[in-house]
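What's in start.cif: mmCIF, C-alpha atoms
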```
data_input
#
loop_
_atom_site.label_atom_id
_atom_site.label_comp_id
_atom_site.auth_asym_id
_atom_site.auth_seq_id
_atom_site.Cartn_x
_atom_site.Cartn_y
_atom_site.Cartn_z
CA MET A 1 29.19 -0.04 167.15
CA SER A 2 32.68 0.47 165.61
CA ARG A 3 32.95 3.37 163.12
CA ALA A 4 36.23 4.62 161.60
CA PHE A 5 35.93 8.10 160.10
CA LEU A 6 37.80 10.21 157.59
CA ALA A 7 37.42 13.96 157.37
CA ALA A 8 34.88 14.87 154.72
CA ALA A 9 36.77 18.03 153.96
CA ALA A 10 39.86 16.01 153.13
CA ALA A 11 37.82 13.92 150.72
CA CYS A 12 36.73 17.06 148.90
CA LEU A 13 40.30 18.28 148.65
CA LEU A 14 41.12 15.02 146.91
CA GLY A 15 38.75 16.06 144.18
CA VAL A 16 35.76 13.84 144.88
CA SER A 17 33.11 14.62 142.30
CA GLY A 18 29.92 15.98 143.76
CA CYS A 19 31.22 16.33 147.32
CA ALA A 20 29.25 18.95 149.18
CA GLY A 21 31.96 19.39 151.76
CA TRP A 22 32.07 19.50 155.51
CA GLY A 23 28.46 20.16 156.46
CA GLY A 24 27.84 21.44 152.94
CA ASP A 25 24.51 21.04 151.21
CA SER A 26 24.21 20.94 147.46
CA ALA A 27 20.97 18.97 147.66
CA GLY A 28 18.39 19.56 145.02
CA GLY A 29 20.68 21.44 142.69
CA GLY A 30 21.72 18.78 140.20
CA GLY A 31 18.84 18.63 137.76
CA ALA A 32 16.47 15.86 136.73
CA ASN A 33 19.15 13.29 135.94
CA SER A 34 20.93 13.53 139.26
CA ILE A 35 20.33 12.40 142.81
CA ASP A 36 21.38 13.71 146.21
CA VAL A 37 22.90 11.35 148.76
CA LEU A 38 23.42 12.13 152.45
CA MET A 39 25.84 9.75 154.13
CA VAL A 40 28.27 9.02 156.93
CA ASN A 41 31.93 9.78 156.24
CA ASN A 42 33.54 6.42 157.00
CA PRO A 43 36.29 4.95 154.79
CA GLN A 44 34.04 2.62 152.79
CA MET A 45 31.71 5.51 151.95
CA ILE A 46 34.63 7.71 150.91
CA ASP A 47 35.76 4.93 148.58
CA LEU A 48 32.25 4.89 147.11
CA GLN A 49 32.45 8.61 146.40
CA ARG A 50 35.74 8.20 144.59
CA LEU A 51 34.41 5.42 142.39
CA THR A 52 30.96 6.80 141.56
CA ALA A 53 31.63 9.29 138.76
CA GLN A 54 33.90 7.05 136.68
CA ASN A 55 31.70 4.00 137.09
CA PHE A 56 28.06 4.52 138.09
CA THR A 57 27.63 7.92 136.44
CA LYS A 58 29.54 6.84 133.35
CA GLN A 59 27.33 3.77 132.97
CA THR A 60 23.96 5.37 133.75
CA GLY A 61 24.33 9.09 133.06
CA ILE A 62 23.04 9.79 136.58
CA SER A 63 25.22 12.23 138.52
CA VAL A 64 25.42 11.90 142.29
CA ASN A 65 25.76 14.83 144.69
CA PHE A 66 27.16 13.67 148.03
CA THR A 67 26.83 15.37 151.41
CA VAL A 68 29.13 13.63 153.89
CA LEU A 69 29.19 14.12 157.68
CA PRO A 70 30.48 12.38 160.83
CA GLU A 71 28.15 9.81 162.34
CA ASN A 72 26.51 11.89 165.05
CA ASP A 73 26.06 14.84 162.70
CA VAL A 74 24.71 12.78 159.84
CA ARG A 75 22.17 11.06 162.10
CA ASP A 76 20.89 14.47 163.23
CA LYS A 77 20.72 15.84 159.70
CA ILE A 78 19.02 12.75 158.27
CA SER A 79 16.44 12.88 161.05
CA GLN A 80 15.74 16.55 160.35
CA GLU A 81 15.58 16.12 156.57
CA PHE A 82 13.52 12.92 156.48
CA SER A 83 11.10 13.93 159.24
CA SER A 84 10.30 17.12 157.32
CA GLN A 85 9.89 15.13 154.06
CA ALA A 86 11.20 18.08 152.08
CA GLY A 87 12.59 15.73 149.45
CA GLN A 88 15.95 17.47 149.20
CA TYR A 89 17.82 14.20 149.60
CA ASP A 90 16.88 11.10 147.68
CA VAL A 91 19.08 8.55 149.45
CA ALA A 92 20.62 8.39 152.92
CA SER A 93 22.89 6.01 154.80
CA LEU A 94 20.88 4.56 157.68
CA SER A 95 21.62 1.70 160.03
CA ASN A 96 19.37 -1.19 160.94
CA PHE A 97 18.57 0.75 164.12
CA GLU A 98 16.90 3.66 162.28
CA ILE A 99 15.32 1.89 159.32
CA PRO A 100 12.41 0.12 161.08
CA ILE A 101 11.69 3.32 163.04
CA TYR A 102 11.75 5.50 159.93
CA ALA A 103 9.60 2.99 158.05
CA LYS A 104 6.93 3.16 160.75
CA SER A 105 6.94 6.95 160.43
CA LYS A 106 6.64 6.61 156.63
CA TRP A 107 9.79 8.66 156.07
CA ILE A 108 11.36 6.09 153.73
CA ALA A 109 10.02 4.17 150.75
CA PRO A 110 9.50 0.39 150.54
CA LEU A 111 11.87 -1.31 148.10
CA ASP A 112 10.05 -4.57 147.39
CA ASP A 113 8.75 -3.59 143.94
CA TYR A 114 12.22 -2.47 142.86
CA VAL A 115 13.78 -5.71 144.09
CA LYS A 116 11.20 -7.79 142.19
CA ALA A 117 11.73 -5.80 138.98
CA ASP A 118 15.55 -5.84 139.16
CA SER A 119 16.75 -9.24 137.97
CA THR A 120 20.43 -8.34 138.48
CA PHE A 121 20.37 -7.32 142.15
CA ASP A 122 19.84 -10.82 143.62
CA GLN A 123 18.21 -10.22 146.99
CA SER A 124 18.58 -13.92 147.80
CA ASP A 125 22.35 -13.36 147.98
CA ILE A 126 21.91 -10.85 150.83
CA LEU A 127 22.52 -12.65 154.13
CA PRO A 128 19.07 -13.41 155.64
CA PRO A 129 19.68 -11.66 158.99
CA MET A 130 20.46 -8.46 157.06
CA THR A 131 17.25 -8.64 155.07
CA LYS A 132 15.32 -9.41 158.26
CA SER A 133 16.82 -6.47 160.15
CA LEU A 134 15.91 -4.06 157.31
CA THR A 135 12.33 -5.30 157.06
CA ALA A 136 9.71 -3.39 159.05
CA ASP A 137 6.75 -4.74 160.99
CA ASP A 138 4.56 -4.36 157.90
CA GLY A 139 6.65 -7.05 156.20
CA LYS A 140 8.14 -4.69 153.63
CA LEU A 141 11.83 -4.13 152.90
CA TYR A 142 13.07 -0.56 153.44
CA GLY A 143 16.86 -0.77 153.11
CA GLU A 144 19.72 -2.50 151.36
CA PRO A 145 22.98 -3.09 153.26
CA PHE A 146 26.25 -1.47 152.18
CA TYR A 147 28.27 -3.46 154.69
CA GLY A 148 27.54 -5.32 157.89
CA GLU A 149 29.10 -6.71 161.03
CA SER A 150 28.43 -9.00 163.93
CA SER A 151 30.57 -9.73 166.98
CA PHE A 152 32.99 -12.47 167.97
CA LEU A 153 35.79 -13.26 170.40
CA MET A 154 39.35 -12.46 169.31
CA TYR A 155 42.29 -13.97 171.18
CA ARG A 156 46.06 -14.34 171.03
CA LYS A 157 46.70 -17.91 169.94
CA ASP A 158 50.35 -17.81 171.00
CA VAL A 159 49.53 -16.56 174.50
CA LEU A 160 46.98 -19.33 175.10
CA ASP A 161 49.34 -21.93 173.62
CA ALA A 162 52.09 -20.88 176.03
CA GLN A 163 49.76 -21.65 178.94
CA GLY A 164 48.55 -24.93 177.46
CA LEU A 165 45.06 -23.52 176.91
CA THR A 166 42.66 -24.30 174.06
CA MET A 167 39.90 -21.91 173.06
CA PRO A 168 36.65 -23.76 172.24
CA PRO A 169 35.13 -22.80 168.84
CA LYS A 170 31.89 -21.91 170.65
CA PRO A 171 32.97 -20.85 174.14
CA THR A 172 30.73 -20.11 177.08
CA TRP A 173 31.24 -16.91 179.03
CA GLN A 174 32.44 -18.93 182.01
CA GLN A 175 35.11 -20.59 179.86
CA VAL A 176 36.22 -17.15 178.64
CA ALA A 177 36.38 -15.84 182.21
CA ASP A 178 38.46 -18.85 183.27
CA ILE A 179 40.90 -18.33 180.39
CA ALA A 180 41.12 -14.59 181.13
CA ALA A 181 42.09 -15.38 184.72
CA ARG A 182 44.75 -17.88 183.66
CA VAL A 183 46.48 -15.62 181.11
CA ASP A 184 46.13 -12.36 183.04
CA GLY A 185 49.64 -11.03 183.73
CA LYS A 186 51.44 -14.04 182.22
CA GLN A 187 53.13 -11.60 179.86
CA PRO A 188 54.34 -8.27 181.31
CA GLY A 189 51.62 -5.64 181.10
CA MET A 190 49.10 -7.97 179.44
CA ALA A 191 45.59 -8.18 180.90
CA GLY A 192 43.35 -11.17 180.36
CA ILE A 193 40.62 -9.48 178.28
CA CYS A 194 39.36 -6.17 176.93
CA LEU A 195 35.67 -5.31 177.23
CA ARG A 196 34.16 -1.92 176.54
CA GLY A 197 33.44 0.19 179.59
CA GLN A 198 32.93 3.55 177.92
CA PRO A 199 29.45 5.03 178.40
CA GLY A 200 27.11 5.08 175.42
CA TRP A 201 24.24 2.99 174.07
CA GLY A 202 26.51 2.04 171.17
CA GLN A 203 29.62 1.67 173.33
CA ILE A 204 29.40 -0.46 176.48
CA PHE A 205 25.85 -1.61 175.78
CA ALA A 206 26.69 -3.01 172.36
CA PRO A 207 28.62 -5.95 173.87
CA LEU A 208 26.89 -5.90 177.26
CA THR A 209 23.37 -6.27 175.86
CA THR A 210 24.47 -9.41 174.01
CA VAL A 211 25.76 -10.75 177.34
CA VAL A 212 22.42 -9.89 178.95
CA ASN A 213 20.59 -11.72 176.15
CA THR A 214 22.53 -14.94 176.51
CA PHE A 215 22.28 -14.87 180.33
CA GLY A 216 18.50 -14.87 179.86
CA GLY A 217 17.82 -11.18 180.40
CA THR A 218 16.13 -8.49 178.34
CA TRP A 219 15.47 -4.75 178.57
CA PHE A 220 11.70 -5.27 178.23
CA ASP A 221 9.44 -8.30 178.13
CA LYS A 222 6.86 -8.73 175.40
CA ASP A 223 4.27 -6.77 177.37
CA TRP A 224 6.54 -3.74 177.82
CA ASN A 225 7.50 -4.44 181.42
CA ALA A 226 11.00 -3.12 182.19
CA GLN A 227 13.46 -5.85 183.20
CA VAL A 228 16.64 -3.87 183.89
CA ASP A 229 16.89 -4.90 187.54
CA SER A 230 15.68 -8.47 186.93
CA PRO A 231 17.82 -11.34 188.27
CA GLU A 232 19.03 -12.28 184.78
CA PHE A 233 19.96 -8.73 183.73
CA THR A 234 21.68 -8.25 187.08
CA GLU A 235 23.62 -11.53 186.88
CA ALA A 236 24.87 -10.71 183.37
CA THR A 237 25.93 -7.18 184.31
CA LYS A 238 27.70 -8.31 187.48
CA PHE A 239 29.54 -10.96 185.48
CA TYR A 240 30.65 -8.39 182.90
CA VAL A 241 31.65 -5.78 185.48
CA ASP A 242 33.50 -8.30 187.64
CA LEU A 243 35.35 -9.76 184.66
CA VAL A 244 36.60 -6.43 183.37
CA ARG A 245 37.47 -5.19 186.89
CA GLU A 246 39.39 -8.34 187.80
CA HIS A 247 41.07 -9.26 184.52
CA GLY A 248 40.36 -6.41 182.12
CA GLU A 249 42.28 -3.55 180.55
CA VAL A 250 43.71 -0.51 182.27
CA GLY A 251 41.30 2.43 182.08
CA ALA A 252 38.28 0.22 181.40
CA PRO A 253 35.63 2.88 182.26
CA GLN A 254 36.93 4.99 179.34
CA ALA A 255 37.64 2.13 176.92
CA GLY A 256 35.54 1.86 173.78
CA PHE A 257 36.06 0.07 170.48
CA THR A 258 39.14 2.06 169.48
CA GLU A 259 40.87 1.69 172.84
CA CYS A 260 40.32 -2.08 172.91
CA LEU A 261 41.51 -2.41 169.32
CA ASN A 262 44.70 -0.58 170.21
CA ASN A 263 45.15 -2.69 173.34
CA LEU A 264 45.01 -5.95 171.38
CA ILE A 265 47.29 -4.67 168.62
CA GLN A 266 49.83 -3.35 171.14
CA GLY A 267 49.89 -6.56 173.20
CA ASN A 268 48.19 -5.09 176.26
CA VAL A 269 45.41 -7.71 176.36
CA ALA A 270 45.13 -11.37 175.43
CA MET A 271 41.46 -11.40 174.35
CA TRP A 272 38.75 -9.06 173.16
CA TYR A 273 35.03 -9.52 172.53
CA ASP A 274 33.77 -6.99 169.99
CA ALA A 275 32.85 -6.23 166.37
CA THR A 276 33.84 -8.53 163.51
CA SER A 277 34.91 -5.43 161.59
CA ALA A 278 37.95 -5.16 163.86
CA ALA A 279 39.60 -8.14 162.19
CA GLY A 280 40.66 -6.15 159.14
CA SER A 281 42.85 -3.91 161.30
CA LEU A 282 44.25 -6.84 163.28
CA GLU A 283 45.26 -8.64 160.07
CA ALA A 284 46.54 -5.57 158.22
CA ALA A 285 49.99 -5.85 156.68
CA ASP A 286 51.51 -3.51 159.26
CA SER A 287 49.78 -5.04 162.29
CA PRO A 288 52.21 -6.52 164.86
CA VAL A 289 49.63 -9.21 165.69
CA LYS A 290 48.88 -10.26 162.11
CA GLY A 291 48.59 -14.04 162.04
CA LYS A 292 48.59 -14.33 165.84
CA ILE A 293 44.85 -13.88 166.41
CA GLY A 294 42.21 -16.57 166.63
CA TYR A 295 38.52 -15.85 166.00
CA VAL A 296 35.65 -17.78 167.58
CA ALA A 297 31.92 -17.30 168.07
CA ALA A 298 30.51 -14.80 170.54
CA PRO A 299 30.44 -16.48 173.98
CA VAL A 300 27.10 -17.87 175.15
CA VAL A 301 25.30 -19.09 178.25
CA LYS A 302 21.65 -19.96 177.52
CA THR A 303 21.32 -19.10 173.82
CA PRO A 304 22.77 -20.94 170.80
CA SER A 305 24.43 -17.75 169.53
CA ALA A 306 25.02 -14.25 170.88
CA GLY A 307 26.61 -12.12 168.16
CA TRP A 308 25.13 -8.71 167.46
CA LEU A 309 24.03 -7.37 164.07
CA TYR A 310 24.75 -3.96 162.57
CA ALA A 311 24.58 -2.69 159.01
CA TRP A 312 25.15 0.65 157.34
CA SER A 313 22.49 0.59 154.67
CA TRP A 314 20.75 2.69 152.03
CA SER A 315 17.17 3.96 152.07
CA ILE A 316 15.15 6.21 149.79
CA GLN A 317 13.27 9.21 151.18
CA GLN A 318 9.53 8.80 150.70
CA ALA A 319 9.26 12.38 149.41
CA SER A 320 11.92 11.87 146.73
CA THR A 321 10.74 12.56 143.19
CA LYS A 322 13.65 10.54 141.79
CA LYS A 323 13.03 7.15 143.34
CA ASP A 324 13.86 5.20 140.16
CA ASN A 325 17.29 6.79 139.85
CA ALA A 326 17.77 6.48 143.61
CA TRP A 327 17.18 2.72 143.34
CA LYS A 328 19.67 2.47 140.50
CA PHE A 329 22.31 4.07 142.71
CA LEU A 330 21.68 2.15 145.91
CA SER A 331 21.32 -1.18 144.10
CA TRP A 332 24.68 -0.53 142.43
CA ALA A 333 26.31 0.47 145.73
CA SER A 334 25.03 -2.71 147.41
CA SER A 335 25.72 -5.02 144.48
CA LYS A 336 28.10 -7.90 143.96
CA GLN A 337 29.49 -5.97 140.99
CA TYR A 338 30.43 -3.03 143.22
CA GLU A 339 32.34 -5.36 145.55
CA GLU A 340 34.26 -6.71 142.55
CA LEU A 341 35.01 -3.13 141.45
CA VAL A 342 36.43 -2.27 144.86
CA GLY A 343 38.42 -5.50 145.02
CA GLY A 344 39.91 -4.92 141.59
CA GLN A 345 40.73 -1.24 141.97
CA LEU A 346 41.36 -0.73 145.69
CA GLY A 347 42.13 -4.20 147.02
CA TRP A 348 39.94 -6.93 148.49
CA SER A 349 40.62 -5.83 152.07
CA LYS A 350 38.62 -2.66 151.29
CA VAL A 351 35.50 -4.50 150.07
CA PRO A 352 32.39 -3.47 152.05
CA ALA A 353 31.70 -7.02 153.16
CA GLY A 354 29.34 -8.62 155.65
CA LYS A 355 26.19 -8.52 153.53
CA ARG A 356 26.34 -11.07 150.68
CA ALA A 357 26.81 -14.83 150.82
CA SER A 358 28.74 -14.72 147.54
CA THR A 359 31.47 -12.61 149.17
CA TYR A 360 32.37 -15.57 151.36
CA ALA A 361 32.67 -17.87 148.36
CA ASN A 362 34.87 -15.45 146.41
CA PRO A 363 38.43 -16.86 146.27
CA ASP A 364 39.97 -13.40 145.80
CA TYR A 365 38.30 -12.11 148.96
CA LEU A 366 39.04 -15.27 150.93
CA LYS A 367 42.70 -15.07 150.02
CA GLU A 368 42.89 -11.63 151.63
CA ALA A 369 40.59 -12.36 154.59
CA SER A 370 41.19 -16.05 155.23
CA ALA A 371 41.81 -15.63 158.97
CA PHE A 372 38.44 -14.08 159.74
CA ALA A 373 36.10 -14.43 156.75
CA GLY A 374 34.56 -17.71 157.91
CA PRO A 375 33.95 -16.67 161.52
CA THR A 376 32.54 -13.33 160.34
CA GLU A 377 30.08 -14.93 157.93
CA GLN A 378 29.04 -17.46 160.57
CA ALA A 379 28.53 -14.70 163.15
CA ILE A 380 26.31 -12.65 160.84
CA SER A 381 24.37 -15.65 159.57
CA GLY A 382 23.75 -16.84 163.12
CA ALA A 383 22.37 -13.51 164.33
CA ASP A 384 18.62 -13.34 164.83
CA PRO A 385 17.45 -9.73 165.34
CA ARG A 386 13.86 -10.79 166.06
CA ASN A 387 14.70 -13.55 168.53
CA PRO A 388 18.02 -12.79 170.24
CA GLY A 389 17.25 -14.13 173.71
CA VAL A 390 15.23 -16.71 175.58
CA GLN A 391 11.92 -14.83 175.60
CA PRO A 392 9.70 -12.89 173.13
CA ARG A 393 10.59 -9.21 172.73
CA PRO A 394 8.35 -6.21 172.01
CA ALA A 395 10.79 -4.72 169.45
CA ILE A 396 13.44 -5.93 167.02
CA GLY A 397 17.13 -5.68 167.91
CA ILE A 398 20.01 -7.68 169.37
CA GLN A 399 22.42 -5.17 170.93
CA PHE A 400 19.73 -2.49 171.09
CA VAL A 401 15.97 -2.15 171.46
CA ASP A 402 14.71 -0.66 168.22
CA ILE A 403 12.71 2.24 169.62
CA PRO A 404 13.61 5.94 169.41
CA GLU A 405 13.83 6.22 173.21
CA PHE A 406 16.62 3.64 173.47
CA THR A 407 19.37 6.06 172.49
CA ASP A 408 18.71 8.16 175.61
CA LEU A 409 17.77 5.23 177.84
CA GLY A 410 20.75 3.10 176.90
CA THR A 411 23.16 6.00 177.24
CA GLN A 412 21.89 7.02 180.67
CA VAL A 413 21.99 3.48 182.05
CA SER A 414 25.43 2.97 180.51
CA GLN A 415 26.75 5.86 182.57
CA TYR A 416 25.69 4.06 185.74
CA VAL A 417 27.22 0.75 184.64
CA SER A 418 30.46 2.50 183.67
CA SER A 419 30.49 4.02 187.15
CA ALA A 420 30.16 0.51 188.58
CA ILE A 421 33.21 -0.56 186.58
CA ALA A 422 35.03 2.43 188.04
CA GLY A 423 34.02 1.30 191.55
CA GLN A 424 31.88 4.39 192.15
CA MET A 425 28.63 2.49 192.73
CA SER A 426 27.40 -1.09 192.92
CA VAL A 427 25.84 -2.91 189.99
CA ASP A 428 22.64 -3.25 192.02
CA GLU A 429 22.45 0.53 192.46
CA ALA A 430 23.28 1.13 188.79
CA LEU A 431 20.50 -1.15 187.60
CA LYS A 432 18.04 0.11 190.20
CA ARG A 433 18.47 3.58 188.72
CA GLY A 434 18.25 2.12 185.23
CA GLN A 435 15.00 0.34 186.07
CA ARG A 436 13.33 3.62 186.97
CA LEU A 437 14.29 5.10 183.60
CA ALA A 438 13.20 1.97 181.73
CA ASP A 439 9.88 1.97 183.62
CA ASP A 440 9.13 5.44 182.29
CA VAL A 441 9.74 4.30 178.71
CA ALA A 442 7.76 1.09 179.22
CA GLU A 443 4.77 2.96 180.64
CA ARG A 444 4.54 5.08 177.50
CA TYR A 445 4.40 1.98 175.29
CA ARG A 446 1.90 0.17 177.49
CA SER A 447 -0.39 3.22 177.45
CA ARG A 448 -0.20 3.41 173.64
CA GLU A 449 -1.01 -0.26 173.22
CA GLY A 450 -3.67 -0.22 175.91
#
```
Would you write the structure of this file as structure tokens?
Amino acid sequence: MSRAFLAAAAACLLGVSGCAGWGGDSAGGGGANSIDVLMVNNPQMIDLQRLTAQNFTKQTGISVNFTVLPENDVRDKISQEFSSQAGQYDVASLSNFEIPIYAKSKWIAPLDDYVKADSTFDQSDILPPMTKSLTADDGKLYGEPFYGESSFLMYRKDVLDAQGLTMPPKPTWQQVADIAARVDGKQPGMAGICLRGQPGWGQIFAPLTTVVNTFGGTWFDKDWNAQVDSPEFTEATKFYVDLVREHGEVGAPQAGFTECLNNLIQGNVAMWYDATSAAGSLEAADSPVKGKIGYVAAPVVKTPSAGWLYAWSWSIQQASTKKDNAWKFLSWASSKQYEELVGGQLGWSKVPAGKRASTYANPDYLKEASAFAGPTEQAISGADPRNPGVQPRPAIGIQFVDIPEFTDLGTQVSQYVSSAIAGQMSVDEALKRGQRLADDVAERYRSREG
């Protein structure tokens, strides 16, 4: 997934109220009318810190102590804190990957009663795929989204026009490959497409798993049989590897979200399939490609849609003794009113969007995000985290399999696929190795369910 970070220490130097600092921990020290929040240090979260004291605290009298950390660090700390159920932190920023897993472990509290009792929050305004992805197998809701994203295809309209090419609004992967071949090298130093090749379950396998899904593949079938070396998984991976090797960016085995973003901005590639959140940077006032980019649905083969789904969200620790105040904070941070606050004070381009239908009917937001708002909303609304492919799945997830083991499994297999992009092994060998790893994971789940 794409994540842009700011240094937490810098945020503290700017005088953010309640900031615990880089790796700091002021949890539990604020008294009865305060809460402790542990969260990732991305720009939208830093904006939230800056706005909390003068708005939320002023309105409610509830002070908020923030501990902010980079993504990898915050995931580790949240896992440690919530698994121990010490209750030091009341609220944490979790993604739709962790929330169903944490809910099953009873580390986080269900929110349904709060939603029913809060007439101002308007859960029906939350985009249905978001609500679905934050609902556990027991049917209860365990998180509220702060912002969300899907994926779509971004392309240089002027480059395609110069070649007499038209991008379909819902392209197939074969159409994309054909266009990539026809525009590759037509401008000096410009490749046909950028696709992530950097190892990591959240790097190459974010886009690649969506390709696998729409080609008819899956990591596991409904009975927990590994499918990594299946014909469909193999066909999808070969297509992806061949496309990026033949018409992709320079340095593809090391290219992740940031590298592809820079390639499109700098005119090094004509197309890019990746996160909808990238559009804000492409359409920024100082972007050399502002106004030159077209946005269409994630390419498909056998499925009606293929975009992924990701959301940074809020959950309440089950052991928290301040759940009522915690709900007041997270419902404010995920509210329509908070979006309006950000739009009015910081600018509509900074709104943590991708979660509410009303955002995409707001004329102020649409004025700022007209180029990509519609395609983004359509991508998120079309995502189905419980049915992303052509067959039933044993776990929720589009670009990931929502089990704890997937972080290691996906990362290990990604290293093999990245090596295939680098020409160091064949796709067949990469997936043969991946199948052995996936078999080990599958066997554990079959034995539990047996």
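In this structure, CA of Ser119 in chain A sits 22.8 Å away from CA of Val351 in chain A.
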inquiry  = Under the rule that all atoms listed in the file are counted, which of A:Ala162, A:Ala284, A:Leu134, A:Ala236 is the nearest residue to Glu368 in chain A?
reply    =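 Closest residue, counting all atoms listed in the file: A:Ala284.
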request  = Name the residues captured by the PyMOL selection byres ((chain A and resi 321-326) around 10) when it is applied to the shown file; answer as a PyMOL selection string.
outcome  = chain A and resi 32-37+60+62-64+87-92+109+111+114+314-320+327-332
key: Pairwise distance for CA of Glu235 in chain A and CA of Val211 in chain A, rounded to one decimal in Å   =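 These two atoms are separated by 9.8 Å.
Proximity of A:Ile193, A:Ala383, A:Ala357, A:Ala369 to Asp125 in chain A, computed with all atoms listed in the file, is greatest for A:Ala357.
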query = What is the CA of Asn96 in chain A-CA of Pro70 in chain A distance in Å, reported with one decimal?
reply =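 We find that CA of Asn96 in chain A and CA of Pro70 in chain A lie 17.5 Å from each other.
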inquiry  = Suppose a student applies the PyMOL selection byres ((chain A and resi 149-154) around 6) to this structure; what residues should they get, written as an MDAnalysis selection string?
reply    = chainID A and resid 148 155 271:277 294:298 307:310 354 379:380
Using the chain letters and numbers from this file, what does the PyMOL selection byres ((chain A and resi 97) around 10) select? Give the answer as a CSV table (one decimal) with C-alpha atoms, in the coordinates of the input.
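out.csv, freshly written:
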```
chain,number,residue,atom,x,y,z
A,94,LEU,CA,20.9,4.6,157.7
A,95,SER,CA,21.6,1.7,160.0
A,96,ASN,CA,19.4,-1.2,160.9
A,98,GLU,CA,16.9,3.7,162.3
A,99,ILE,CA,15.3,1.9,159.3
A,100,PRO,CA,12.4,0.1,161.1
A,101,ILE,CA,11.7,3.3,163.0
A,102,TYR,CA,11.8,5.5,159.9
A,133,SER,CA,16.8,-6.5,160.2
A,134,LEU,CA,15.9,-4.1,157.3
A,309,LEU,CA,24.0,-7.4,164.1
A,310,TYR,CA,24.8,-4.0,162.6
A,311,ALA,CA,24.6,-2.7,159.0
A,312,TRP,CA,25.2,0.6,157.3
A,396,ILE,CA,13.4,-5.9,167.0
A,397,GLY,CA,17.1,-5.7,167.9
A,399,GLN,CA,22.4,-5.2,170.9
A,400,PHE,CA,19.7,-2.5,171.1
A,401,VAL,CA,16.0,-2.2,171.5
A,402,ASP,CA,14.7,-0.7,168.2
A,403,ILE,CA,12.7,2.2,169.6
A,404,PRO,CA,13.6,5.9,169.4
A,406,PHE,CA,16.6,3.6,173.5
A,407,THR,CA,19.4,6.1,172.5
```
With a distance cut-off of 12 Å and all atoms listed in the file, select the neighbouring residues of Pro352 in chain A, excluding the residue or stretch itself and same-chain residues fewer than 4 positions from it, and output the selection as a compact mmCIF listing (two decimals) with C-alpha atoms, in the coordinates of the input.
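The file below, selection_27.txt, is the result:
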```
# COMPACT_ATOMS: atom_id res chain seq x y z
CA ASN A 42 33.54 6.42 157.00
CA PRO A 43 36.29 4.95 154.79
CA GLN A 44 34.04 2.62 152.79
CA MET A 45 31.71 5.51 151.95
CA ILE A 46 34.63 7.71 150.91
CA ASP A 47 35.76 4.93 148.58
CA LEU A 48 32.25 4.89 147.11
CA PRO A 145 22.98 -3.09 153.26
CA PHE A 146 26.25 -1.47 152.18
CA TYR A 147 28.27 -3.46 154.69
CA GLY A 148 27.54 -5.32 157.89
CA GLU A 149 29.10 -6.71 161.03
CA SER A 277 34.91 -5.43 161.59
CA GLY A 280 40.66 -6.15 159.14
CA ALA A 311 24.58 -2.69 159.01
CA TRP A 312 25.15 0.65 157.34
CA SER A 313 22.49 0.59 154.67
CA ALA A 333 26.31 0.47 145.73
CA SER A 334 25.03 -2.71 147.41
CA SER A 335 25.72 -5.02 144.48
CA LYS A 336 28.10 -7.90 143.96
CA GLN A 337 29.49 -5.97 140.99
CA TYR A 338 30.43 -3.03 143.22
CA GLU A 339 32.34 -5.36 145.55
CA GLU A 340 34.26 -6.71 142.55
CA LEU A 341 35.01 -3.13 141.45
CA VAL A 342 36.43 -2.27 144.86
CA GLY A 343 38.42 -5.50 145.02
CA LEU A 346 41.36 -0.73 145.69
CA GLY A 347 42.13 -4.20 147.02
CA TRP A 348 39.94 -6.93 148.49
CA ARG A 356 26.34 -11.07 150.68
CA THR A 359 31.47 -12.61 149.17
CA TYR A 365 38.30 -12.11 148.96
```
message = When you count only C-alpha atoms, which of these residues is closest to Val390 in chain A: A:Asp138, A:Glu449, A:Glu232, A:Asp223?
response =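 Smallest separation from Val390 in chain A among the options: A:Glu232.
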message = Applying 12 Å and all atoms listed in the file, which residues near Ser447 in chain A remain after dropping the ones on its own chain fewer than 4 positions away? List them as JSON, numbers by chain.
response = {"A": [223, 224, 225, 440, 441, 442, 443]}
key: Closest of A:Ala422, A:Ile265, A:Met190, A:Ala206 to Ala306 in chain A - atom-to-atom distances counting all atoms listed in the file   =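 Closest residue, counting all atoms listed in the file: A:Ala206.
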Atoms kept (N, CA and C atoms) for range 298-303 of chain A, as an mmCIF file, in the first residue's frame:
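File written: part.cif
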```cif
data_model
loop_
_atom_site.group_PDB
_atom_site.id
_atom_site.type_symbol
_atom_site.label_atom_id
_atom_site.label_comp_id
_atom_site.auth_asym_id
_atom_site.auth_seq_id
_atom_site.Cartn_x
_atom_site.Cartn_y
_atom_site.Cartn_z
ATOM 1 N N ALA A 298 -9.413 -0.185 -12.649
ATOM 2 C CA ALA A 298 -8.377 -1.223 -12.630
ATOM 3 C C ALA A 298 -8.649 -2.229 -13.740
ATOM 4 N N PRO A 299 -7.642 -2.590 -14.527
ATOM 5 C CA PRO A 299 -7.848 -3.533 -15.639
ATOM 6 C C PRO A 299 -8.360 -4.888 -15.153
ATOM 7 N N VAL A 300 -9.139 -5.548 -16.005
ATOM 8 C CA VAL A 300 -9.763 -6.820 -15.643
ATOM 9 C C VAL A 300 -9.525 -7.864 -16.724
ATOM 10 N N VAL A 301 -9.838 -9.105 -16.368
ATOM 11 C CA VAL A 301 -9.845 -10.212 -17.328
ATOM 12 C C VAL A 301 -11.148 -11.000 -17.168
ATOM 13 N N LYS A 302 -11.319 -11.646 -16.006
ATOM 14 C CA LYS A 302 -12.497 -12.489 -15.784
ATOM 15 C C LYS A 302 -13.468 -11.936 -14.750
ATOM 16 N N THR A 303 -13.085 -10.888 -14.054
ATOM 17 C CA THR A 303 -13.942 -10.315 -13.012
ATOM 18 C C THR A 303 -14.492 -8.963 -13.461
#
```
